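Below is one structure, written out as structure tokens, with a few remarks after it.
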Amino acid sequence: MEEKELTRAILVSADTGAYDCDVSMDELAELARTAGAQEVARVIQKRDAYESATVIGEGKLEEVKELCVSLEAKLLIFDIELTASQIRNIEEATDVRVIDRTMLILDIFALNARTGEGKLQVELAQLKYTAPRLIGKGAQLSRLGGGIGTRGPGESKLETDRRHMQRRIHALEAQIAEMDKNR
């Protein structure tokens with residue numbers, strides 16, 4: 001039997017003293033293992049409060065980037081819920097994909113959903129969680145029009161993605177409502 005290669009991940013947290021960070025990180029490690037990730041390192045920074053842009057400080061973020069390179073990590077899993085701008089800032093600083101605890105849990109639900117309705121409900125939850133976290137790269141993703149009346153930046157890829165997600169969310173909600181009605 002062939003072994004599936006696990007995604008190499010670094011677990012990251014900022015310990016503000018609000019909860020037992022070690023217990024939470026142990027739980028995060030179990031979640032990561034369940035989702036198919038291999039923990040290669042843990043990074044915990046003691047702080048009075050979260051850094052608004054990146055959760056952890058600049059120096060610790062640089063340390064994480066170096067760890068990613070040396071350990072060939074392809075994923076950073078943060079122990080707190082991240083905003084879209086935090087995800088973007090951390091990904092830009094480290095060149096590694098970033099997820100938070102909630103995304104990880106939704107991924108585990110997706111892996112284990114068996115019924116049609118269960119799969120739809122998990123996809124709906126993932127879309128609703130991800131939609132506000134959609135981030136674009138600015139003007140370079142805009143669709144430039146050609147000709148009269150279509151000059152200018154046009155509709156950005158981000159706007160198109162958001163509209164597509166909203167349509168998918170409405171379609172899933174309708175499918176789930178139909179399943180409920182038929183049951």
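Each chain in the structure tokens gets a letter, A, B, ..., in the order shown, and its residues are numbered from 1; ligands are numbered from 1 in order too.
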
Open item on the list: Need to verify the contact set: stretch 63-69 of chain A, 7 Å, only C-alpha atoms, exclusion of same-chain residues closer than 4 positions in sequence. Can you return it as a PyMOL selection string?
Closed with: chain A and resi 59+73+94

For A:Ala53, list every protein, DNA or RNA residue within 10 Å, evaluated using only C-alpha atoms, and leave out those in the same chain fewer than 4 positions away; present the list as a compact mmCIF listing (two decimals) with C-alpha atoms, in the first residue's frame.
# COMPACT_ATOMS: atom_id res chain seq x y z
CA GLY A 57 5.99 40.12 15.69
CA GLU A 58 8.25 40.93 12.74
CA LEU A 82 -7.09 35.16 11.16
CA THR A 83 -8.44 38.07 9.13
CA SER A 85 -5.32 40.97 5.71
CA GLN A 86 -3.42 38.92 8.31
CA ILE A 87 -3.45 35.90 5.99
CA ARG A 88 -2.23 38.03 3.09
CA ASN A 89 0.50 39.72 5.18
CA ILE A 90 1.80 36.43 6.56

Dump as a tab-separated table the rows for residues of stretch 59-139 of chain A within 10 Å of stretch 15-28 of chain A: closest atom pair and distance in Å with one decimal, only C-alpha atoms counted, ordered by chain and rising residue number.
residue	atom	partner	partner_atom	distance
A:Ile77	CA	A:Leu28	CA	8.4
A:Phe78	CA	A:Leu28	CA	8.7
A:Asp79	CA	A:Leu28	CA	6.8
A:Ile80	CA	A:Ser24	CA	9.8
A:Asp100	CA	A:Leu28	CA	9.8
A:Arg101	CA	A:Leu28	CA	7.2
A:Leu104	CA	A:Leu28	CA	8.9
A:Ile105	CA	A:Leu28	CA	9.5

Output the selection as a compact mmCIF listing (two decimals), in the first residue's frame - N, CA, C and O atoms for each residue.
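As written to disk, selection_27.txt reads:
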# COMPACT_ATOMS: atom_id res chain seq x y z
N ILE A 77 -0.07 26.80 10.09
CA ILE A 77 -1.38 26.69 10.72
C ILE A 77 -1.36 27.53 11.99
O ILE A 77 -0.60 27.25 12.92
N PHE A 78 -2.19 28.58 12.01
CA PHE A 78 -2.25 29.47 13.17
C PHE A 78 -3.34 29.00 14.12
O PHE A 78 -4.40 28.54 13.71
N ASP A 79 -3.06 29.16 15.40
CA ASP A 79 -3.94 28.66 16.45
C ASP A 79 -5.10 29.62 16.75
O ASP A 79 -5.90 29.36 17.62
N ILE A 80 -5.18 30.73 16.04
CA ILE A 80 -6.28 31.67 16.24
C ILE A 80 -6.94 31.96 14.91
O ILE A 80 -6.39 31.66 13.85
N ASP A 100 -6.02 29.02 9.33
CA ASP A 100 -6.22 29.14 10.76
C ASP A 100 -6.96 27.91 11.29
O ASP A 100 -7.30 27.00 10.53
N ARG A 101 -7.17 27.87 12.59
CA ARG A 101 -7.79 26.71 13.24
C ARG A 101 -9.16 26.38 12.65
O ARG A 101 -9.47 25.22 12.39
N LEU A 104 -8.94 24.73 9.29
CA LEU A 104 -8.47 23.37 9.49
C LEU A 104 -9.62 22.45 9.90
O LEU A 104 -9.78 21.35 9.36
N ILE A 105 -10.44 22.91 10.82
CA ILE A 105 -11.58 22.11 11.28
C ILE A 105 -12.58 21.89 10.15
O ILE A 105 -13.08 20.78 9.95

Open item on the list: Neighbouring residues of stretch 117-126 of chain A were defined as those with any atom within 10 Å, considering only C-alpha atoms; residues of the same chain fewer than 2 positions away were excluded. Please report them as number ranges by chain.
Closed with: A: 102-103, 105-115, 128-131, 165, 168-173, 175-177, 179-180

Let's see if you can do this: from backbone DSSP, list all strand (DSSP E or B) residues in stretch 26-124 of chain A, as an mmCIF file with N, CA, C and O atoms, in the first residue's frame.
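Output saved as states_12.cif:
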data_model
loop_
_atom_site.group_PDB
_atom_site.id
_atom_site.type_symbol
_atom_site.label_atom_id
_atom_site.label_comp_id
_atom_site.auth_asym_id
_atom_site.auth_seq_id
_atom_site.Cartn_x
_atom_site.Cartn_y
_atom_site.Cartn_z
ATOM 1 N N ALA A 37 -1.710 16.554 7.794
ATOM 2 C CA ALA A 37 -0.504 17.382 7.845
ATOM 3 C C ALA A 37 0.496 16.761 8.818
ATOM 4 O O ALA A 37 0.109 16.130 9.800
ATOM 5 N N GLN A 38 1.758 16.943 8.510
ATOM 6 C CA GLN A 38 2.824 16.484 9.396
ATOM 7 C C GLN A 38 3.419 17.701 10.088
ATOM 8 O O GLN A 38 3.961 18.586 9.432
ATOM 9 N N GLU A 39 3.317 17.729 11.397
ATOM 10 C CA GLU A 39 3.896 18.840 12.162
ATOM 11 C C GLU A 39 5.413 18.711 12.130
ATOM 12 O O GLU A 39 5.971 17.700 12.544
ATOM 13 N N VAL A 40 6.090 19.753 11.621
ATOM 14 C CA VAL A 40 7.553 19.737 11.585
ATOM 15 C C VAL A 40 8.144 20.698 12.612
ATOM 16 O O VAL A 40 9.331 20.607 12.924
ATOM 17 N N ALA A 41 7.326 21.636 13.121
ATOM 18 C CA ALA A 41 7.807 22.573 14.140
ATOM 19 C C ALA A 41 6.620 23.295 14.758
ATOM 20 O O ALA A 41 5.535 23.358 14.183
ATOM 21 N N ARG A 42 6.883 23.837 15.966
ATOM 22 C CA ARG A 42 5.922 24.712 16.641
ATOM 23 C C ARG A 42 6.634 26.013 16.953
ATOM 24 O O ARG A 42 7.762 26.012 17.423
ATOM 25 N N VAL A 43 5.921 27.105 16.712
ATOM 26 C CA VAL A 43 6.469 28.418 17.045
ATOM 27 C C VAL A 43 5.446 29.122 17.929
ATOM 28 O O VAL A 43 4.298 29.316 17.530
ATOM 29 N N ILE A 44 5.880 29.475 19.125
ATOM 30 C CA ILE A 44 5.007 30.183 20.067
ATOM 31 C C ILE A 44 5.737 31.448 20.497
ATOM 32 O O ILE A 44 6.900 31.395 20.900
ATOM 33 N N GLN A 45 5.050 32.573 20.389
ATOM 34 C CA GLN A 45 5.628 33.834 20.849
ATOM 35 C C GLN A 45 4.790 34.373 21.999
ATOM 36 O O GLN A 45 3.573 34.527 21.865
ATOM 37 N N LYS A 46 5.444 34.632 23.114
ATOM 38 C CA LYS A 46 4.745 35.248 24.249
ATOM 39 C C LYS A 46 4.606 36.735 23.956
ATOM 40 O O LYS A 46 5.581 37.400 23.629
ATOM 41 N N GLU A 51 -0.202 41.044 17.373
ATOM 42 C CA GLU A 51 0.216 42.053 16.394
ATOM 43 C C GLU A 51 -0.923 42.159 15.376
ATOM 44 O O GLU A 51 -1.346 41.154 14.807
ATOM 45 N N VAL A 55 -0.268 38.876 13.692
ATOM 46 C CA VAL A 55 -0.461 38.123 14.934
ATOM 47 C C VAL A 55 0.837 38.046 15.743
ATOM 48 O O VAL A 55 0.853 38.354 16.915
ATOM 49 N N LEU A 75 3.008 24.730 4.684
ATOM 50 C CA LEU A 75 1.780 25.223 5.296
ATOM 51 C C LEU A 75 2.070 25.771 6.685
ATOM 52 O O LEU A 75 2.827 25.177 7.450
ATOM 53 N N LEU A 76 1.451 26.913 6.995
ATOM 54 C CA LEU A 76 1.476 27.469 8.345
ATOM 55 C C LEU A 76 0.059 27.374 8.895
ATOM 56 O O LEU A 76 -0.897 27.802 8.245
ATOM 57 N N ILE A 77 -0.074 26.803 10.088
ATOM 58 C CA ILE A 77 -1.383 26.687 10.722
ATOM 59 C C ILE A 77 -1.358 27.532 11.989
ATOM 60 O O ILE A 77 -0.601 27.247 12.917
ATOM 61 N N PHE A 78 -2.191 28.575 12.010
ATOM 62 C CA PHE A 78 -2.254 29.466 13.168
ATOM 63 C C PHE A 78 -3.336 28.997 14.121
ATOM 64 O O PHE A 78 -4.401 28.538 13.706
ATOM 65 N N ARG A 97 1.601 28.932 2.261
ATOM 66 C CA ARG A 97 0.152 28.997 2.452
ATOM 67 C C ARG A 97 -0.169 29.042 3.944
ATOM 68 O O ARG A 97 0.476 28.367 4.746
ATOM 69 N N VAL A 98 -1.181 29.838 4.296
ATOM 70 C CA VAL A 98 -1.550 30.052 5.698
ATOM 71 C C VAL A 98 -3.027 29.705 5.892
ATOM 72 O O VAL A 98 -3.876 30.120 5.103
ATOM 73 N N ILE A 99 -3.309 28.934 6.951
ATOM 74 C CA ILE A 99 -4.694 28.680 7.348
ATOM 75 C C ILE A 99 -4.792 28.886 8.853
ATOM 76 O O ILE A 99 -3.780 28.917 9.552
ATOM 77 N N ASP A 100 -6.022 29.019 9.325
ATOM 78 C CA ASP A 100 -6.221 29.138 10.764
ATOM 79 C C ASP A 100 -6.956 27.909 11.293
ATOM 80 O O ASP A 100 -7.305 26.998 10.533
#

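If only C-alpha atoms are the atoms counted, then among A:Glu5, A:Glu92, A:Glu159, A:Glu178 the closest residue to A:Thr54 is A:Glu92.
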
Task: One-decimal distance in Å that lies between atom CA of A:Ser52 and atom CA of A:Glu91 - done: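 It comes out at 14.9 Å.
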
- [ ] Could you jot down the atom CA of A:Leu71 to atom CA of A:Val12 separation for me, Å, one decimal place?
- [x]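 Here the two named atoms are 14.5 Å from each other.
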
TODO: Could you pull out the residues in stretch 53-177 of chain A that DSSP calls alpha helix (DSSP H) from the backbone, as a PyMOL selection string?
DONE: chain A and resi 58-71+84-94+101-112+116-130+157-177

Output the selection as a compact mmCIF listing (two decimals), in the first residue's frame - C-alpha atoms for each residue.
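Result file result-v9.txt:
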# COMPACT_ATOMS: atom_id res chain seq x y z
CA GLU A 58 8.25 40.93 12.74
CA GLY A 59 11.28 39.12 14.15
CA LYS A 60 9.30 35.98 14.95
CA LEU A 61 7.76 36.09 11.47
CA GLU A 62 11.25 36.18 9.96
CA GLU A 63 12.17 33.19 12.14
CA VAL A 64 9.08 31.34 10.84
CA LYS A 65 10.09 32.13 7.24
CA GLU A 66 13.58 30.70 7.83
CA LEU A 67 12.05 27.59 9.44
CA CYS A 68 9.78 27.13 6.42
CA VAL A 69 12.79 27.11 4.12
CA SER A 70 15.01 24.90 6.28
CA LEU A 71 12.25 22.37 7.10
CA ALA A 84 -8.00 38.31 5.36
CA SER A 85 -5.32 40.97 5.71
CA GLN A 86 -3.42 38.92 8.31
CA ILE A 87 -3.45 35.90 5.99
CA ARG A 88 -2.23 38.03 3.09
CA ASN A 89 0.50 39.72 5.18
CA ILE A 90 1.80 36.43 6.56
CA GLU A 91 1.72 34.70 3.14
CA GLU A 92 3.57 37.62 1.54
CA ALA A 93 6.21 37.58 4.29
CA THR A 94 6.77 33.80 4.24
CA ARG A 101 -7.79 26.71 13.24
CA THR A 102 -11.31 27.17 11.87
CA MET A 103 -10.24 26.49 8.26
CA LEU A 104 -8.47 23.37 9.49
CA ILE A 105 -11.58 22.11 11.28
CA LEU A 106 -13.76 22.78 8.22
CA ASP A 107 -11.25 20.84 6.11
CA ILE A 108 -11.54 17.86 8.49
CA PHE A 109 -15.33 18.00 8.21
CA ALA A 110 -14.98 18.03 4.41
CA LEU A 111 -12.72 14.96 4.51
CA ASN A 112 -15.22 13.05 6.66
CA GLY A 116 -24.86 14.21 0.03
CA GLU A 117 -26.46 16.66 2.42
CA GLY A 118 -23.45 16.55 4.74
CA LYS A 119 -21.09 17.34 1.87
CA LEU A 120 -23.29 20.26 0.79
CA GLN A 121 -23.47 21.62 4.34
CA VAL A 122 -19.69 21.46 4.75
CA GLU A 123 -19.12 23.17 1.39
CA LEU A 124 -21.60 25.87 2.39
CA ALA A 125 -19.84 26.41 5.73
CA GLN A 126 -16.45 26.61 3.99
CA LEU A 127 -17.73 29.15 1.47
CA LYS A 128 -19.38 31.29 4.13
CA TYR A 129 -16.18 31.26 6.19
CA THR A 130 -13.87 31.89 3.23
CA LYS A 157 -10.77 38.97 -10.36
CA LEU A 158 -11.60 39.44 -6.69
CA GLU A 159 -15.04 40.90 -7.53
CA THR A 160 -15.70 38.06 -9.98
CA ASP A 161 -14.67 35.47 -7.38
CA ARG A 162 -16.90 37.06 -4.73
CA ARG A 163 -19.88 37.08 -7.07
CA HIS A 164 -19.24 33.45 -8.04
CA MET A 165 -19.03 32.46 -4.34
CA GLN A 166 -22.30 34.25 -3.57
CA ARG A 167 -24.04 32.39 -6.42
CA ARG A 168 -22.64 29.08 -5.17
CA ILE A 169 -23.74 29.86 -1.59
CA HIS A 170 -27.29 30.59 -2.75
CA ALA A 171 -27.36 27.42 -4.87
CA LEU A 172 -26.16 25.28 -1.93
CA GLU A 173 -28.69 26.85 0.41
CA ALA A 174 -31.45 26.07 -2.11
CA GLN A 175 -30.26 22.46 -2.49
CA ILE A 176 -30.15 21.93 1.28
CA ALA A 177 -33.62 23.49 1.67
